[in-house]
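Shown next: data_34.txt, containing compact mmCIF, C-alpha atoms.
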```
# COMPACT_ATOMS: atom_id res chain seq x y z
CA MET A 1 0.00 0.00 0.00
CA PRO A 2 1.44 3.43 -0.91
CA VAL A 3 2.62 5.54 1.99
CA ALA A 4 0.31 8.40 1.06
CA GLN A 5 -2.74 6.22 1.64
CA ILE A 6 -1.87 5.28 5.20
CA VAL A 7 -1.36 8.86 6.37
CA THR A 8 -3.63 9.41 9.35
CA TYR A 9 -5.45 12.52 10.49
CA ASP A 10 -3.16 12.81 13.51
CA SER A 11 -0.01 12.87 11.42
CA LEU A 12 -1.56 15.48 9.09
CA SER A 13 -2.39 17.77 12.00
CA ASP A 14 1.29 17.83 12.96
CA ARG A 15 2.47 18.93 9.56
CA ASP A 16 3.30 22.54 8.84
CA ASP A 17 1.43 24.60 6.29
CA GLN A 18 4.00 24.09 3.55
CA GLN A 19 3.79 20.32 3.81
CA LEU A 20 0.01 20.43 3.74
CA VAL A 21 0.08 22.73 0.71
CA ARG A 22 2.34 20.26 -1.11
CA GLN A 23 -0.11 17.46 -0.30
CA CYS A 24 -3.00 19.62 -1.54
CA LEU A 25 -1.20 20.19 -4.83
CA GLN A 26 -1.27 16.44 -5.31
CA GLY A 27 -5.06 16.60 -4.95
CA ASP A 28 -5.26 15.64 -1.28
CA THR A 29 -8.41 17.37 0.04
CA THR A 30 -7.86 16.00 3.54
CA SER A 31 -4.76 18.17 3.85
CA PHE A 32 -6.83 21.15 2.78
CA ARG A 33 -9.34 20.30 5.48
CA TRP A 34 -6.50 20.69 8.00
CA LEU A 35 -5.47 24.00 6.51
CA TYR A 36 -9.08 25.10 6.80
CA ARG A 37 -9.35 24.04 10.43
CA ARG A 38 -6.08 25.71 11.28
CA HIS A 39 -6.88 29.09 9.74
CA GLN A 40 -10.66 29.41 9.47
CA GLN A 41 -11.15 31.07 12.84
CA ARG A 42 -8.78 33.92 12.08
CA VAL A 43 -10.08 34.33 8.54
CA ARG A 44 -13.57 34.39 9.98
CA SER A 45 -12.60 37.00 12.53
CA ILE A 46 -10.96 39.27 9.94
CA LEU A 47 -13.96 39.00 7.64
CA TYR A 48 -16.36 39.68 10.46
CA GLN A 49 -14.51 42.82 11.52
CA LEU A 50 -14.25 44.07 7.96
CA CYS A 51 -17.70 43.08 6.73
CA ASP A 52 -20.66 41.86 8.75
CA ALA A 53 -22.26 38.73 10.14
CA THR A 54 -25.00 38.14 7.63
CA SER A 55 -22.99 36.34 4.98
CA LEU A 56 -19.99 35.33 7.04
CA ASP A 57 -20.17 31.61 6.25
CA ASP A 58 -20.35 32.33 2.53
CA LEU A 59 -17.43 34.74 2.70
CA VAL A 60 -15.29 32.24 4.59
CA GLN A 61 -16.12 29.62 2.00
CA ASP A 62 -15.27 32.05 -0.75
CA VAL A 63 -11.84 32.71 0.76
CA PHE A 64 -10.99 29.02 1.01
CA LEU A 65 -12.37 28.25 -2.43
CA ARG A 66 -10.20 30.98 -3.91
CA ALA A 67 -7.26 29.62 -1.94
CA TRP A 68 -7.84 26.10 -3.28
CA LYS A 69 -8.06 27.36 -6.85
CA GLY A 70 -5.01 29.56 -6.38
CA LEU A 71 -2.82 26.94 -4.68
CA PRO A 72 -0.93 26.04 -7.86
CA LYS A 73 0.16 29.67 -8.16
CA PHE A 74 1.09 30.01 -4.49
CA ARG A 75 4.83 30.60 -4.09
CA GLN A 76 5.86 28.06 -1.52
CA THR A 77 8.61 30.31 -0.22
CA ALA A 78 5.92 32.67 1.08
CA GLN A 79 3.97 32.23 4.28
CA PHE A 80 0.65 30.49 3.67
CA SER A 81 -1.21 32.48 6.33
CA THR A 82 -0.12 35.83 4.86
CA TRP A 83 -1.25 34.69 1.43
CA LEU A 84 -4.57 33.47 2.84
CA TYR A 85 -5.22 36.72 4.74
CA ARG A 86 -4.48 38.59 1.54
CA ILE A 87 -7.26 36.59 -0.13
CA ALA A 88 -9.53 37.36 2.84
CA TRP A 89 -8.78 41.05 2.40
CA ASN A 90 -9.67 40.84 -1.31
CA VAL A 91 -12.90 38.98 -0.57
CA ALA A 92 -13.83 41.55 2.08
CA SER A 93 -13.12 44.45 -0.27
CA ASP A 94 -15.18 42.86 -3.06
CA HIS A 95 -18.03 42.11 -0.69
CA ARG A 96 -18.10 45.64 0.71
CA GLN A 97 -18.24 47.14 -2.74
CA ALA A 98 -21.07 44.83 -3.78
CA ALA A 99 -23.05 45.30 -0.60
CA ALA A 100 -22.45 49.02 -0.15
CA GLN A 101 -25.90 50.04 -1.27
CA SER A 102 -27.89 47.05 -0.15
CA ARG A 103 -27.39 47.15 3.60
CA THR A 104 -27.74 49.74 6.29
CA ARG A 105 -25.75 50.04 9.44
CA LEU A 106 -28.94 49.72 11.45
CA GLN A 107 -29.49 46.19 10.21
CA VAL A 108 -25.95 45.22 11.18
CA LEU A 109 -26.37 46.63 14.65
CA SER A 110 -29.63 44.79 15.14
CA ASN A 111 -27.92 41.56 14.12
CA HIS A 112 -25.13 42.20 16.60
CA SER A 113 -27.64 42.87 19.34
CA ALA A 114 -29.38 39.61 18.57
CA ILE A 115 -26.10 37.70 18.89
CA GLN A 116 -25.30 39.30 22.20
CA GLN A 117 -28.52 38.54 24.00
CA GLU A 118 -26.88 36.06 26.37
CA ALA A 119 -24.27 38.53 27.71
CA PRO A 120 -25.21 39.71 31.15
CA ASP A 121 -23.10 42.87 31.50
CA VAL A 122 -24.95 45.90 30.10
CA LEU A 123 -21.89 48.16 30.19
CA HIS A 124 -19.85 45.53 28.37
CA LEU A 125 -22.59 45.28 25.75
CA HIS A 126 -22.57 49.03 25.40
CA TYR A 127 -18.80 49.07 24.88
CA GLN A 128 -19.03 46.25 22.35
CA ASP A 129 -21.56 48.25 20.43
CA LEU A 130 -19.29 51.31 20.55
CA VAL A 131 -16.25 49.37 19.35
CA GLN A 132 -18.25 47.90 16.49
CA ARG A 133 -19.64 51.30 15.55
CA GLY A 134 -16.20 52.84 15.89
CA LEU A 135 -14.78 50.28 13.47
CA ALA A 136 -17.60 50.96 11.05
CA HIS A 137 -16.84 54.67 11.40
CA LEU A 138 -13.30 54.16 10.01
CA SER A 139 -12.40 54.00 6.34
CA LEU A 140 -11.81 50.47 5.05
CA GLU A 141 -8.04 51.06 4.81
CA HIS A 142 -7.76 52.29 8.40
CA ARG A 143 -10.13 49.63 9.62
CA ALA A 144 -8.15 46.83 7.96
CA VAL A 145 -4.90 47.95 9.58
CA LEU A 146 -6.51 48.32 13.01
CA VAL A 147 -8.24 44.94 12.78
CA LEU A 148 -5.20 43.06 11.54
CA HIS A 149 -2.65 44.67 13.84
CA ASP A 150 -4.50 45.60 17.01
CA LEU A 151 -7.23 42.96 17.12
CA GLU A 152 -5.69 40.01 15.27
CA GLU A 153 -2.15 40.80 16.45
CA VAL A 154 -0.61 40.38 13.02
CA PRO A 155 2.89 41.96 12.92
CA GLN A 156 3.24 45.20 10.96
CA LYS A 157 5.53 43.61 8.36
CA GLU A 158 2.96 40.92 7.65
CA VAL A 159 0.14 43.48 7.54
CA ALA A 160 2.17 45.33 4.91
CA GLU A 161 2.46 42.13 2.85
CA ILE A 162 -1.25 41.32 3.19
CA LEU A 163 -2.36 44.79 2.12
CA GLN A 164 0.57 45.20 -0.29
CA ILE A 165 1.61 48.55 1.11
CA PRO A 166 4.91 49.73 2.66
CA VAL A 167 5.47 49.24 6.40
CA GLY A 168 5.67 53.04 6.78
CA THR A 169 2.14 53.31 5.39
CA VAL A 170 0.95 50.66 7.85
CA LYS A 171 2.38 52.72 10.72
CA SER A 172 0.84 55.90 9.41
CA ARG A 173 -2.58 54.32 8.88
CA LEU A 174 -2.41 52.72 12.32
CA PHE A 175 -1.70 56.09 13.90
CA HIS A 176 -4.62 57.75 12.14
CA ALA A 177 -6.96 54.80 12.72
CA ARG A 178 -6.26 54.82 16.45
CA ALA A 179 -6.70 58.57 16.58
CA ALA A 180 -10.05 58.35 14.79
CA MET A 181 -11.20 55.47 17.00
CA ARG A 182 -10.09 57.34 20.13
CA GLN A 183 -11.97 60.45 19.01
CA PHE A 184 -15.09 58.45 18.25
CA LEU A 185 -15.08 56.71 21.62
CA GLN A 186 -14.51 59.97 23.46
CA GLN A 187 -17.38 61.57 21.58
CA GLN A 188 -19.53 58.68 22.72
CA GLY A 189 -18.69 59.38 26.33
CA VAL A 190 -15.81 56.98 26.95
CA GLN A 191 -13.55 59.52 28.64
CA PRO A 192 -10.48 59.12 30.80
CA MET B 1 -13.20 51.24 35.32
CA ILE B 2 -12.96 53.80 32.54
CA PRO B 3 -9.90 53.29 30.30
CA ASP B 4 -7.34 55.98 29.54
CA LEU B 5 -7.71 56.09 25.80
CA ASN B 6 -4.87 58.55 25.35
CA HIS B 7 -2.39 55.69 25.61
CA ASP B 8 -2.21 53.36 22.61
CA GLY B 9 -1.80 50.31 24.84
CA ASP B 10 -4.96 51.11 26.81
CA LEU B 11 -6.90 51.83 23.64
CA VAL B 12 -5.83 48.52 22.09
CA ASN B 13 -6.69 46.64 25.28
CA PHE B 14 -10.09 48.31 25.34
CA LEU B 15 -10.76 47.31 21.73
CA ARG B 16 -9.67 43.72 22.33
CA GLN B 17 -11.66 43.44 25.52
CA HIS B 18 -14.83 44.76 23.95
CA ARG B 19 -14.64 43.37 20.45
CA THR B 20 -17.80 41.64 19.35
CA PRO B 21 -17.56 37.84 19.55
CA ILE B 22 -17.42 36.15 16.18
CA PRO B 23 -20.67 34.33 15.38
CA PRO B 24 -20.10 30.57 15.24
CA ALA B 25 -19.92 28.89 11.86
CA SER B 26 -22.78 26.73 10.68
CA ALA B 27 -22.22 23.10 11.46
CA ASP B 28 -22.02 22.05 7.84
CA VAL B 29 -19.76 24.80 6.48
CA GLU B 30 -16.65 22.66 6.50
CA ASP B 31 -18.35 19.72 4.78
CA ARG B 32 -19.98 21.95 2.18
CA LEU B 33 -16.62 23.57 1.44
CA LEU B 34 -14.84 20.24 1.12
CA ALA B 35 -17.62 18.92 -1.14
CA ARG B 36 -17.20 21.88 -3.47
CA ILE B 37 -13.44 21.49 -3.43
CA ALA B 38 -13.65 17.80 -4.23
CA ALA B 39 -15.46 18.77 -7.43
CA MET B 40 -12.62 21.15 -8.34
CA PRO B 41 -9.39 19.26 -8.95
CA VAL B 42 -6.21 21.26 -8.54
CA VAL B 43 -4.71 22.08 -11.91
CA PRO B 44 -0.97 22.28 -11.42
CA VAL B 45 0.79 25.18 -13.09
CA ARG B 46 3.50 23.91 -15.40
CA HIS B 47 6.73 25.43 -14.18
CA PRO B 48 9.65 25.31 -16.60
CA ASP B 49 11.64 22.09 -16.21
CA ARG B 50 14.87 23.10 -14.49
CA ARG B 51 16.85 20.21 -15.88
CA ARG B 52 15.78 21.07 -19.38
CA LEU B 53 16.50 24.73 -18.73
CA TRP B 54 20.04 23.90 -17.62
CA THR B 55 20.58 21.67 -20.66
CA VAL B 56 19.43 24.36 -23.09
CA SER B 57 21.42 27.16 -21.45
CA GLY B 58 24.50 24.89 -21.27
CA ALA B 59 24.21 24.09 -24.95
CA ILE B 60 23.95 27.80 -25.79
CA ALA B 61 27.03 28.60 -23.69
CA ALA B 62 29.02 25.73 -25.24
CA GLY B 63 28.03 26.92 -28.71
CA LEU B 64 29.26 30.43 -27.96
CA VAL B 65 32.59 29.18 -26.63
CA ALA B 66 33.03 26.90 -29.67
CA SER B 67 32.27 29.80 -32.01
CA LEU B 68 34.86 32.03 -30.34
CA ILE B 69 37.56 29.35 -30.40
CA GLY B 70 36.75 28.46 -34.01
CA TYR B 71 36.87 32.07 -35.05
CA HIS B 72 40.32 32.59 -33.57
CA THR B 73 41.65 29.28 -34.87
CA LEU B 74 40.24 29.13 -38.36
CA MET B 75 40.13 32.76 -39.41
CA PRO B 76 43.37 33.85 -41.26
CA ARG B 77 45.34 36.39 -39.32
CA PRO B 78 45.62 39.80 -41.00
CA TYR B 79 49.37 39.42 -41.88
CA PRO B 80 50.45 40.88 -45.29
CA SER B 81 51.79 38.56 -47.95
CA GLU B 82 55.46 38.60 -49.14
CA ALA B 83 54.61 40.68 -52.21
CA GLU B 84 52.67 43.17 -50.10
CA LEU B 85 55.61 43.44 -47.71
CA VAL B 86 58.02 44.18 -50.54
CA SER B 87 55.65 46.76 -51.99
CA LEU B 88 55.13 48.37 -48.60
CA GLU B 89 58.85 48.47 -47.91
CA SER B 90 59.60 50.14 -51.21
CA PHE B 91 56.80 52.64 -50.67
CA ILE B 92 58.15 53.60 -47.25
CA ALA B 93 61.70 53.84 -48.56
CA THR B 94 60.68 56.06 -51.46
CA ASN B 95 58.68 58.39 -49.27
CA TRP B 96 61.43 58.55 -46.71
CA TYR B 97 64.07 59.49 -49.26
CA ASP B 98 61.78 62.12 -50.80
CA THR B 99 61.27 63.66 -47.40
CA VAL B 100 64.95 63.64 -46.54
CA ASP B 101 65.91 65.11 -49.93
CA THR B 102 63.45 67.98 -49.56
CA VAL B 103 64.62 68.90 -46.08
CA ASP B 104 68.23 68.64 -47.15
CA THR B 105 67.67 71.05 -50.02
CA VAL B 106 65.98 73.65 -47.90
CA ASP B 107 68.57 73.42 -45.17
CA ASN B 108 71.44 73.65 -47.62
CA GLU B 109 70.02 76.69 -49.32
CA TYR B 110 69.66 78.43 -46.04
CA LEU B 111 73.16 77.56 -44.92
CA ASP B 112 74.70 78.76 -48.17
CA ILE B 113 73.75 82.43 -47.45
CA PRO B 114 76.75 84.31 -46.04
CA LEU B 115 76.56 85.54 -42.51
CA ASP B 116 77.11 89.20 -43.51
CA ASP B 117 74.39 89.14 -46.14
CA PRO B 118 71.82 91.86 -45.21
CA SER B 119 68.98 89.74 -46.57
CA ARG B 120 69.73 87.21 -43.83
CA ASN B 121 68.17 89.57 -41.25
```

Mind converting the file's structure to structure tokens?
Amino acid sequence: MPVAQIVTYDSLSDRDDQQLVRQCLQGDTTSFRWLYRRHQQRVRSILYQLCDATSLDDLVQDVFLRAWKGLPKFRQTAQFSTWLYRIAWNVASDHRQAAAQSRTRLQVLSNHSAIQQEAPDVLHLHYQDLVQRGLAHLSLEHRAVLVLHDLEEVPQKEVAEILQIPVGTVKSRLFHARAAMRQFLQQQGVQP
Amino acid sequence: MIPDLNHDGDLVNFLRQHRTPIPPASADVEDRLLARIAAMPVVPVRHPDRRRLWTVSGAIAAGLVASLIGYHTLMPRPYPSEAELVSLESFIATNWYDTVDTVDTVDNEYLDIPLDDPSRN
């Protein structure tokens, strides 16, 4: 029996991204399942912060479908996660453009409220609402940098690669995004 | 406690602490994704064969070297023939003598003028 056929799930989970990508390129969908499980939560989080909750499952699927199709072109010297987050950024940008006129912020907020019904702390709920509204208040470029760096803790160099901008621009956008977010929160009564 | 938003660290902590939880994925998302992927086989991109690339570039380099060596070996060197040498030698000799004769004449004529001749000044 060929070695490839006796590879177990456990051994696949131990492999790094590059090894799994190589397996995927040989048509092994089980390896792709592991890549999905490893990265879907972060992709989901980025998409949620950049878009909204209504079509999150579809957007996540879209990202991984694009990744699967694009795997043959993926340079294996690059980091898989950076490449994947770049796809997520593209999907989010496309989705925002398409949905710009079809949704209102009010609908998004009502969805968020529905999700948060179990949370007991009213002040915490209020702050969550403010943070979400503050993010929505930012331009997409500022929002992406703030989400990737401050919320997802992606290093600045990697953020620059994902958004395909210089590191200096990442720093500048981060400065302005934080300033805008700070101003928004203070206007909403969150004062020192 | 109200955070001090003037410090970046406090602002970031505030955002992380109060970010909206991500809605959970539907139970069947993973299976639906894998089903769609199974219907889409990966089409490998044909990268240029390195071995073939090396062979071709090696052949080109060898051809260039062979051309250079052949050129230097087989091409006749630009040496003049015996007849051309004789002709060249006689040409140089003739011109040389003509030059020397002319100078000699001029010099002699000048030297023949007496020192007390007023035309000399």

Residues of chain A were defined as contacting chain B if any atom lay at most 9 Å from it, counting all atoms listed in the file; please report them as a PyMOL selection string. chain A and resi 24-27+29-30+32-33+36-37+41+44-45+48-49+53+56-58+60-62+64-65+68-73+112+115-116+124-132+150-152+178-179+181-182+185-186+190-192

Got time to write the residues from that selection, C-alpha atoms, as a PDB file, keeping the file's coordinate frame?
```
ATOM      1  CA  CYS A  24      -3.000  19.620  -1.540  1.00  0.00           C
ATOM      2  CA  LEU A  25      -1.200  20.190  -4.830  1.00  0.00           C
ATOM      3  CA  GLN A  26      -1.270  16.440  -5.310  1.00  0.00           C
ATOM      4  CA  GLY A  27      -5.060  16.600  -4.950  1.00  0.00           C
ATOM      5  CA  THR A  29      -8.410  17.370   0.040  1.00  0.00           C
ATOM      6  CA  THR A  30      -7.860  16.000   3.540  1.00  0.00           C
ATOM      7  CA  PHE A  32      -6.830  21.150   2.780  1.00  0.00           C
ATOM      8  CA  ARG A  33      -9.340  20.300   5.480  1.00  0.00           C
ATOM      9  CA  TYR A  36      -9.080  25.100   6.800  1.00  0.00           C
ATOM     10  CA  ARG A  37      -9.350  24.040  10.430  1.00  0.00           C
ATOM     11  CA  GLN A  41     -11.150  31.070  12.840  1.00  0.00           C
ATOM     12  CA  ARG A  44     -13.570  34.390   9.980  1.00  0.00           C
ATOM     13  CA  SER A  45     -12.600  37.000  12.530  1.00  0.00           C
ATOM     14  CA  TYR A  48     -16.360  39.680  10.460  1.00  0.00           C
ATOM     15  CA  GLN A  49     -14.510  42.820  11.520  1.00  0.00           C
ATOM     16  CA  ALA A  53     -22.260  38.730  10.140  1.00  0.00           C
ATOM     17  CA  LEU A  56     -19.990  35.330   7.040  1.00  0.00           C
ATOM     18  CA  ASP A  57     -20.170  31.610   6.250  1.00  0.00           C
ATOM     19  CA  ASP A  58     -20.350  32.330   2.530  1.00  0.00           C
ATOM     20  CA  VAL A  60     -15.290  32.240   4.590  1.00  0.00           C
ATOM     21  CA  GLN A  61     -16.120  29.620   2.000  1.00  0.00           C
ATOM     22  CA  ASP A  62     -15.270  32.050  -0.750  1.00  0.00           C
ATOM     23  CA  PHE A  64     -10.990  29.020   1.010  1.00  0.00           C
ATOM     24  CA  LEU A  65     -12.370  28.250  -2.430  1.00  0.00           C
ATOM     25  CA  TRP A  68      -7.840  26.100  -3.280  1.00  0.00           C
ATOM     26  CA  LYS A  69      -8.060  27.360  -6.850  1.00  0.00           C
ATOM     27  CA  GLY A  70      -5.010  29.560  -6.380  1.00  0.00           C
ATOM     28  CA  LEU A  71      -2.820  26.940  -4.680  1.00  0.00           C
ATOM     29  CA  PRO A  72      -0.930  26.040  -7.860  1.00  0.00           C
ATOM     30  CA  LYS A  73       0.160  29.670  -8.160  1.00  0.00           C
ATOM     31  CA  HIS A 112     -25.130  42.200  16.600  1.00  0.00           C
ATOM     32  CA  ILE A 115     -26.100  37.700  18.890  1.00  0.00           C
ATOM     33  CA  GLN A 116     -25.300  39.300  22.200  1.00  0.00           C
ATOM     34  CA  HIS A 124     -19.850  45.530  28.370  1.00  0.00           C
ATOM     35  CA  LEU A 125     -22.590  45.280  25.750  1.00  0.00           C
ATOM     36  CA  HIS A 126     -22.570  49.030  25.400  1.00  0.00           C
ATOM     37  CA  TYR A 127     -18.800  49.070  24.880  1.00  0.00           C
ATOM     38  CA  GLN A 128     -19.030  46.250  22.350  1.00  0.00           C
ATOM     39  CA  ASP A 129     -21.560  48.250  20.430  1.00  0.00           C
ATOM     40  CA  LEU A 130     -19.290  51.310  20.550  1.00  0.00           C
ATOM     41  CA  VAL A 131     -16.250  49.370  19.350  1.00  0.00           C
ATOM     42  CA  GLN A 132     -18.250  47.900  16.490  1.00  0.00           C
ATOM     43  CA  ASP A 150      -4.500  45.600  17.010  1.00  0.00           C
ATOM     44  CA  LEU A 151      -7.230  42.960  17.120  1.00  0.00           C
ATOM     45  CA  GLU A 152      -5.690  40.010  15.270  1.00  0.00           C
ATOM     46  CA  ARG A 178      -6.260  54.820  16.450  1.00  0.00           C
ATOM     47  CA  ALA A 179      -6.700  58.570  16.580  1.00  0.00           C
ATOM     48  CA  MET A 181     -11.200  55.470  17.000  1.00  0.00           C
ATOM     49  CA  ARG A 182     -10.090  57.340  20.130  1.00  0.00           C
ATOM     50  CA  LEU A 185     -15.080  56.710  21.620  1.00  0.00           C
ATOM     51  CA  GLN A 186     -14.510  59.970  23.460  1.00  0.00           C
ATOM     52  CA  VAL A 190     -15.810  56.980  26.950  1.00  0.00           C
ATOM     53  CA  GLN A 191     -13.550  59.520  28.640  1.00  0.00           C
ATOM     54  CA  PRO A 192     -10.480  59.120  30.800  1.00  0.00           C
TER      55      PRO A 192
END
```

Point-to-point distance in Å for atom CA of A:Leu47 and atom CA of A:Leu140: 12.0 Å

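Using all atoms listed in the file, the residues found no farther than 10 Å from A:Thr77, other than those of its own chain fewer than 3 positions away, are A:Gln18, A:Phe74, A:Phe80.
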
Gap from atom CA of A:Glu153 to atom CA of A:Ser81 - Å, one decimal: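 Value for the atom CA of A:Glu153-atom CA of A:Ser81 distance: 13.1 Å.
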
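Atom CA of A:Ala177 sits 5.1 Å away from atom CA of A:His142.
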
Measuring between all atoms listed in the file, which one of A:Val91, A:Asp17, A:Thr82, A:His137 shows the shortest distance to A:Val154?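 Between A:Val91, A:Asp17, A:Thr82, A:His137, the residue approaching A:Val154 most closely is A:Thr82.
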